[in-house]
file my_file19.cif (mmCIF, C-alpha atoms)
data_data
#
loop_
_atom_site.label_atom_id
_atom_site.label_comp_id
_atom_site.auth_asym_id
_atom_site.auth_seq_id
_atom_site.Cartn_x
_atom_site.Cartn_y
_atom_site.Cartn_z
CA ILE J 337 -1.92 -20.34 0.86
CA ARG J 338 -0.01 -20.43 4.16
CA GLN J 339 1.82 -23.59 3.07
CA GLU J 340 5.22 -22.81 1.58
CA LYS J 341 4.71 -25.01 -1.47
CA PHE J 342 1.66 -22.91 -2.36
CA TYR J 343 2.91 -19.42 -1.53
CA LYS J 344 6.13 -20.11 -3.46
CA LYS J 345 4.01 -20.50 -6.59
CA ILE J 346 1.98 -17.41 -5.71
CA ALA J 347 5.16 -15.35 -5.26
CA GLU J 348 6.50 -16.53 -8.62
CA SER J 349 3.18 -15.75 -10.33
CA PHE J 350 3.29 -12.25 -8.82
CA ALA J 351 6.77 -11.80 -10.28
CA ALA J 352 5.52 -12.84 -13.72
CA LEU J 353 2.55 -10.45 -13.47
CA HIS J 354 4.67 -7.54 -12.26
CA SER J 355 7.19 -8.04 -15.05
CA ILE J 356 4.54 -7.17 -17.68
CA GLN J 357 5.29 -3.75 -19.13
CA PRO J 358 2.29 -1.46 -19.80
CA SER J 359 1.70 -0.20 -23.30
CA SER J 360 2.94 3.27 -24.19
CA ALA J 361 -0.67 4.55 -24.25
CA LEU J 362 -1.37 3.24 -20.75
CA ALA J 363 1.98 4.49 -19.50
CA SER J 364 1.20 7.97 -20.84
CA GLU J 365 -2.23 7.99 -19.17
CA PHE J 366 -0.74 6.71 -15.93
CA GLU J 367 1.93 9.41 -15.97
CA SER J 368 -0.90 11.93 -15.76
CA ASP J 369 -2.24 10.13 -12.70
CA LEU J 370 1.21 10.09 -11.12
CA ASN J 371 1.25 13.87 -11.23
CA LYS J 372 -2.00 13.85 -9.23
CA ASP J 373 -0.47 11.36 -6.78
CA LEU J 374 -3.52 9.13 -7.07
CA THR J 375 -2.16 5.92 -8.51
CA GLY J 376 -3.57 2.41 -8.71
CA PHE J 377 -5.41 1.45 -5.55
CA TRP J 378 -5.05 4.99 -4.13
CA ARG J 379 -7.48 6.13 -6.81
CA LEU J 380 -9.99 3.43 -5.90
CA ILE J 381 -9.78 4.35 -2.22
CA HIS J 382 -10.55 7.98 -2.95
CA LEU J 383 -13.50 6.95 -5.12
CA TRP J 384 -14.83 4.82 -2.25
CA ILE J 385 -14.69 7.59 0.38
CA THR J 386 -18.19 8.42 1.59
CA PRO J 387 -19.61 10.93 4.13
CA ASN J 388 -19.73 8.05 6.62
CA VAL J 389 -15.95 7.66 6.65
CA SER J 390 -14.45 9.45 9.65
CA SER J 391 -12.25 12.49 9.15
CA GLN J 392 -9.58 10.71 11.20
CA VAL J 393 -9.42 7.86 8.66
CA VAL J 394 -9.14 10.32 5.77
CA SER J 395 -6.41 12.16 7.67
CA GLU J 396 -4.50 8.89 8.26
CA LEU J 397 -4.85 8.03 4.57
CA THR J 398 -3.41 11.38 3.51
CA ALA J 399 -0.53 11.09 5.98
CA LEU J 400 0.14 7.52 4.85
CA GLN J 401 0.40 8.61 1.22
CA ALA J 402 2.94 11.28 2.12
CA HIS J 403 4.86 8.86 4.35
CA ILE J 404 5.16 6.22 1.62
CA GLN J 405 6.29 8.78 -0.95
CA HIS J 406 8.98 9.94 1.47
CA PHE J 407 10.02 6.37 2.27
CA LYS J 408 10.26 5.40 -1.40
CA SER J 409 12.49 8.37 -2.18
CA ALA J 410 14.86 7.67 0.73
CA SER J 411 18.44 6.94 -0.27
CA ASN J 412 18.38 3.39 1.07
CA GLN J 413 15.19 2.40 -0.76
CA VAL J 414 15.59 -0.50 -3.14
CA GLN J 415 14.11 -0.21 -6.63
CA ILE J 416 13.48 -3.65 -8.05
CA LEU J 417 11.76 -2.82 -11.30
CA PRO J 418 12.47 -0.20 -13.98
CA SER J 419 9.29 1.38 -12.68
CA ASP J 420 7.65 0.79 -9.32
CA TYR J 421 4.32 0.94 -11.15
CA VAL J 422 3.39 -2.29 -12.88
CA LEU J 423 0.38 -4.41 -13.77
CA CYS J 424 -1.26 -5.35 -10.45
CA HIS J 425 -4.15 -7.55 -9.39
CA ASN J 426 -5.03 -5.44 -6.30
CA ASP J 427 -7.37 -8.03 -4.76
CA LEU J 428 -5.56 -11.36 -4.51
CA ASN J 429 -7.55 -13.14 -1.83
CA HIS J 430 -8.09 -16.90 -1.40
CA GLY J 431 -11.00 -16.98 -3.84
CA ASN J 432 -9.01 -15.38 -6.64
CA ILE J 433 -6.27 -18.02 -6.72
CA ILE J 434 -6.60 -21.31 -8.61
CA TYR J 435 -4.08 -24.06 -7.93
CA ASP J 436 -3.80 -26.39 -10.93
CA PHE J 437 -3.07 -29.90 -9.73
CA GLU J 438 -2.92 -31.30 -13.27
CA SER J 439 -0.93 -28.69 -15.16
CA SER J 440 1.78 -31.12 -16.25
CA THR J 441 1.43 -32.94 -19.58
CA ASP J 442 2.69 -36.06 -17.82
CA HIS J 443 0.32 -36.68 -14.93
CA ALA J 444 2.35 -39.64 -13.65
CA ASP J 445 5.39 -37.42 -13.17
CA SER J 446 3.44 -34.45 -11.84
CA ALA J 447 1.65 -36.39 -9.12
CA ASN J 448 4.63 -36.09 -6.81
CA SER J 449 6.14 -32.91 -8.19
CA ASP J 450 4.88 -29.56 -6.90
CA GLU J 451 7.25 -27.87 -9.35
CA GLN J 452 5.08 -29.10 -12.23
CA LYS J 453 1.94 -27.53 -10.81
CA MET J 454 0.79 -23.99 -11.48
CA VAL J 455 -1.05 -21.11 -9.83
CA HIS J 456 -3.47 -18.91 -11.75
CA PHE J 457 -4.88 -15.52 -10.70
CA VAL J 458 -8.50 -14.76 -11.60
CA ASP J 459 -10.94 -11.83 -11.23
CA PHE J 460 -9.02 -8.71 -12.23
CA GLU J 461 -11.98 -6.40 -11.51
CA ASN J 462 -9.78 -4.13 -9.38
CA GLY J 463 -6.67 -4.75 -11.46
CA GLY J 464 -4.65 -2.08 -13.19
CA ILE J 465 -1.34 -0.27 -13.08
CA GLY J 466 -0.18 0.25 -9.53
CA ASP J 467 2.65 -0.20 -7.07
CA TRP J 468 3.97 -3.76 -6.83
CA ALA J 469 4.48 -3.34 -3.06
CA PHE J 470 0.77 -2.74 -2.55
CA ASP J 471 -0.11 -5.90 -4.47
CA LEU J 472 2.10 -7.95 -2.16
CA GLY J 473 1.12 -6.12 1.03
CA ASN J 474 -2.57 -6.49 0.26
CA HIS J 475 -2.09 -10.19 -0.42
CA PHE J 476 -0.40 -10.71 2.96
CA CYS J 477 -3.43 -9.11 4.63
CA GLU J 478 -5.68 -11.55 2.77
CA TRP J 479 -4.03 -14.46 4.54
CA ALA J 480 -6.45 -13.63 7.37
CA GLY J 481 -9.38 -14.59 5.15
CA LEU J 482 -12.78 -12.92 4.86
CA ASP J 483 -13.46 -13.61 8.54
CA LEU J 484 -10.26 -11.71 9.39
CA ASN J 485 -8.64 -14.33 11.58
CA TRP J 486 -5.45 -12.39 12.28
CA ARG J 487 -3.75 -15.50 13.67
CA ASN J 488 -3.45 -16.70 10.07
CA LEU J 489 -1.39 -13.71 8.95
CA ALA J 490 2.05 -14.38 7.49
CA SER J 491 4.87 -14.60 10.00
CA GLU J 492 8.06 -12.61 9.51
CA ASP J 493 9.78 -15.78 8.29
CA ALA J 494 6.99 -16.49 5.81
CA LYS J 495 7.17 -12.95 4.45
CA GLN J 496 10.93 -13.23 4.09
CA ASN J 497 10.59 -16.55 2.24
CA PHE J 498 7.81 -15.20 0.03
CA VAL J 499 9.90 -12.16 -0.93
CA ARG J 500 12.93 -14.37 -1.59
CA TYR J 501 10.93 -16.46 -4.07
CA TYR J 502 9.46 -13.32 -5.62
CA LEU J 503 12.83 -11.63 -6.14
CA SER J 504 14.50 -14.78 -7.41
CA LYS J 505 11.82 -15.25 -10.09
CA LEU J 506 11.81 -11.56 -10.94
CA HIS J 507 15.57 -11.48 -11.48
CA GLU J 508 15.27 -14.64 -13.59
CA ILE J 509 12.58 -13.11 -15.81
CA LYS J 510 14.63 -9.95 -16.24
CA GLY J 511 17.73 -11.96 -17.10
CA GLU J 512 19.65 -10.57 -14.14
CA ALA J 513 22.10 -12.31 -11.86
CA GLU J 514 20.53 -12.92 -8.45
CA LYS J 515 22.18 -11.11 -5.56
CA THR J 516 24.07 -13.19 -3.04
CA GLY J 517 25.19 -13.02 0.56
CA GLU J 518 24.64 -9.88 2.60
CA GLU J 519 23.55 -7.87 -0.46
CA LYS J 520 20.72 -10.34 -1.08
CA GLU J 521 19.69 -10.32 2.57
CA GLN J 522 19.57 -6.52 2.70
CA GLU J 523 17.50 -6.34 -0.49
CA GLU J 524 14.96 -8.77 0.93
CA LYS J 525 14.72 -6.86 4.21
CA ARG J 526 14.17 -3.54 2.45
CA VAL J 527 11.46 -5.02 0.28
CA VAL J 528 9.67 -6.53 3.30
CA GLU J 529 9.79 -3.15 5.07
CA ARG J 530 8.28 -1.41 2.07
CA ILE J 531 5.52 -4.01 1.79
CA LYS J 532 4.57 -3.45 5.45
CA ARG J 533 3.69 0.16 4.68
CA PHE J 534 1.34 -1.01 1.98
CA GLU J 535 -0.30 -3.45 4.37
CA LEU J 536 -1.48 -0.29 6.14
CA VAL J 537 -2.80 1.01 2.81
CA SER J 538 -4.73 -2.23 2.42
CA HIS J 539 -6.34 -1.97 5.87
CA LEU J 540 -7.45 1.63 5.33
CA GLY J 541 -8.58 1.01 1.77
CA TRP J 542 -10.75 -1.99 2.53
CA HIS J 543 -12.07 -0.29 5.67
CA ILE J 544 -13.32 2.56 3.49
CA TRP J 545 -14.72 0.09 0.95
CA ALA J 546 -16.62 -1.81 3.67
CA VAL J 547 -18.08 1.42 5.11
CA ARG J 548 -19.36 2.25 1.64
CA GLN J 549 -20.75 -1.27 1.09
CA ALA J 550 -22.55 -1.20 4.44
CA GLY J 551 -24.74 1.58 3.09
CA ILE J 552 -25.48 0.19 -0.38
CA SER J 553 -25.00 -3.57 -0.51
CA PRO J 554 -28.05 -5.90 -0.49
CA LEU J 555 -25.89 -8.83 0.67
CA GLY J 556 -26.19 -10.24 4.16
CA PHE J 557 -22.50 -9.77 4.93
CA ASP J 558 -21.65 -7.77 8.06
CA TYR J 559 -19.71 -4.96 6.38
CA GLU J 560 -19.75 -2.78 9.50
CA LYS J 561 -17.97 -5.48 11.53
CA TYR J 562 -15.49 -6.01 8.71
CA ALA J 563 -14.78 -2.27 8.46
CA LYS J 564 -14.24 -2.03 12.21
CA LYS J 565 -11.82 -4.97 12.30
CA ARG J 566 -9.76 -3.66 9.36
CA LEU J 567 -9.41 -0.27 11.02
CA GLU J 568 -8.46 -1.85 14.36
CA ARG J 569 -5.78 -3.88 12.62
CA TYR J 570 -4.46 -0.74 10.93
CA TRP J 571 -3.65 0.74 14.34
CA VAL J 572 -2.16 -2.53 15.61
CA ASP J 573 0.15 -2.90 12.59
CA LYS J 574 1.12 0.75 12.53
CA LYS J 575 2.29 0.40 16.14
CA GLN J 576 4.06 -2.95 15.80
CA TYR J 577 5.81 -1.89 12.58
CA LYS J 578 6.90 1.33 14.32
CA ILE J 579 5.67 3.46 11.43
CA VAL J 580 5.52 7.11 12.44
CA PHE J 581 4.12 10.00 10.39
CA GLU J 582 5.34 13.58 10.74
CA GLU J 583 1.91 14.45 12.15
CA ASP J 584 2.40 11.85 14.90
CA LYS J 585 5.48 13.69 16.17
CA GLU J 586 3.57 16.87 16.89
#
call {"tool": "encode", "arguments": {"input": "my_file19.cif", "output": "structure tokens"}}
result
Amino acid sequence: IRQEKFYKKIAESFAALHSIQPSSALASEFESDLNKDLTGFWRLIHLWITPNVSSQVVSELTALQAHIQHFKSASNQVQILPSDYVLCHNDLNHGNIIYDFESSTDHADSANSDEQKMVHFVDFENGGIGDWAFDLGNHFCEWAGLDLNWRNLASEDAKQNFVRYYLSKLHEIKGEAEKTGEEKEQEEKRVVERIKRFELVSHLGWHIWAVRQAGISPLGFDYEKYAKKRLERYWVDKKQYKIVFEEDKE
């Protein structure tokens, strides 16, 4: 998924998924959750919290929620969709992506044409209505793989390219003219900055999940090591992205 020809298709598939409008019944139910400020993956994280999760992690999670809400309401924050809350996958790792090498009806033409090939998302166990920026931020974290090889994370250029493909497809689906020049560049930068905040959500969320799994899972996976590495990366990314909470200023 680190190859541009693959992540272009993933970005476009994300745009298609995020353009799906929830039914009025789901929207009404979700509105109730919005009032509680526990939307999408936030809700799952809170359900996963166990007595073994440190108070510091819970405190960071609470501060992060408040920080993102403040950031999203800032005057310079871009709003791509009619609603920031859309249909999300919430767990798009390597194993949940299928690349169809024979999706074209004319195999002779498709053999040398990546444009004819398709990407499919599978396993929507954690799917639901959520914030599109989390779906993308979480996916970028998954570039490290299950072994959390952080050297495989998306570069700034790769993120910028990914977002460019995502926005282009999203504008196309919505029937909107794509932005150009400096306006386009600024939109892409703002979107990347918002996604970075949700990368932090991903690290904390899956840290909490792994702590919980360490106590209940019969599998031989080292959940404690995974939890530790996700939390360590949270601190690294928070520092390098220069994300500061109000509590940090005290």
call {"tool": "residues_around", "arguments": {"input": "my_file19.cif", "residues": "J:Glu396", "least_positions_apart": "2", "cutoff": "12 Å", "atoms": "only C-alpha atoms", "output": "list in words"}}
result
Val389, Ser390, Ser391, Gln392, Val393, Val394, Thr398, Ala399, Leu400, Gln401, Ala402, His403, Leu536, Val537, His539, Leu540, Gly541, Ile544, Leu567, Tyr570, Trp571, Lys574, Ile579, Val580, Phe581, Glu582, Glu583 and Asp584 of chain J
call {"tool": "closest_residue", "arguments": {"input": "my_file19.cif", "among": "J:Tyr562, J:Phe407, J:Trp545, J:Tyr421", "to": "J:His382", "atoms": "all atoms listed in the file"}}
result
J:Trp545
call {"tool": "resolve_selection", "arguments": {"input": "my_file19.cif", "expression": "the PyMOL selection byres ((chain J and resi 490) around 12)", "output": "PyMOL selection string"}}
result
chain J and resi 337-340+343+472-481+485-489+491-499+528+532+535
call {"tool": "closest_residue", "arguments": {"input": "my_file19.cif", "among": "J:Asp436, J:Glu348, J:Glu461, J:Asp420", "to": "J:Val527", "atoms": "only C-alpha atoms"}}
result
J:Asp420
call {"tool": "atom_distance", "arguments": {"input": "my_file19.cif", "atom1": "atom CA of J:Thr516", "atom2": "atom CA of J:Ser349"}}
result
22.3 Å
call {"tool": "residues_around", "arguments": {"input": "my_file19.cif", "residues": "J:Ile346", "least_positions_apart": "3", "cutoff": "10 Å", "atoms": "all atoms listed in the file", "output": "list in words"}}
result
Ile337, Glu340, Lys341, Phe342, Tyr343, Ser349, Phe350, Ala351, Ala352, Leu428, Ile433, Ile434, Tyr435, Met454, Val455, His456, Phe457, His475, Phe498, Tyr501 and Tyr502 of chain J
call {"tool": "closest_residue", "arguments": {"input": "my_file19.cif", "among": "J:Leu353, J:Val572, J:Val547, J:Ile531", "to": "J:Lys505", "atoms": "only C-alpha atoms"}}
result
J:Leu353
call {"tool": "atom_distance", "arguments": {"input": "my_file19.cif", "atom1": "atom CA of J:Gly464", "atom2": "atom CA of J:Glu508"}}
result
23.6 Å
call {"tool": "closest_residue", "arguments": {"input": "my_file19.cif", "among": "J:Asn462, J:Gln549, J:Gln576, J:Thr386", "to": "J:Asp427", "atoms": "all atoms listed in the file"}}
result
J:Asn462
call {"tool": "closest_residue", "arguments": {"input": "my_file19.cif", "among": "J:His543, J:Lys565, J:Lys578, J:Arg526", "to": "J:Ile385", "atoms": "all atoms listed in the file"}}
result
J:His543
call {"tool": "residues_around", "arguments": {"input": "my_file19.cif", "residues": "stretch 354-357 of chain J", "least_positions_apart": "4", "cutoff": "7 Å", "atoms": "all atoms listed in the file", "output": "PyMOL selection string"}}
result
chain J and resi 350+422-424+468
call {"tool": "closest_residue", "arguments": {"input": "my_file19.cif", "among": "J:Arg569, J:Lys515, J:Asp467, J:Trp542", "to": "J:Gln405", "atoms": "all atoms listed in the file"}}
result
J:Asp467
call {"tool": "residues_near_point", "arguments": {"input": "my_file19.cif", "point": "(-19.2, -3.4, 3.2)", "cutoff": "8 Å", "atoms": "all atoms listed in the file", "output": "list in words"}}
result
Trp545, Ala546, Val547, Arg548, Gln549, Ala550, Gly551, Ser553, Phe557, Asp558, Tyr559, Glu560, Tyr562 and Ala563 of chain J
call {"tool": "atom_distance", "arguments": {"input": "my_file19.cif", "atom1": "atom CA of J:His406", "atom2": "atom CA of J:Lys510"}}
result
27.2 Å
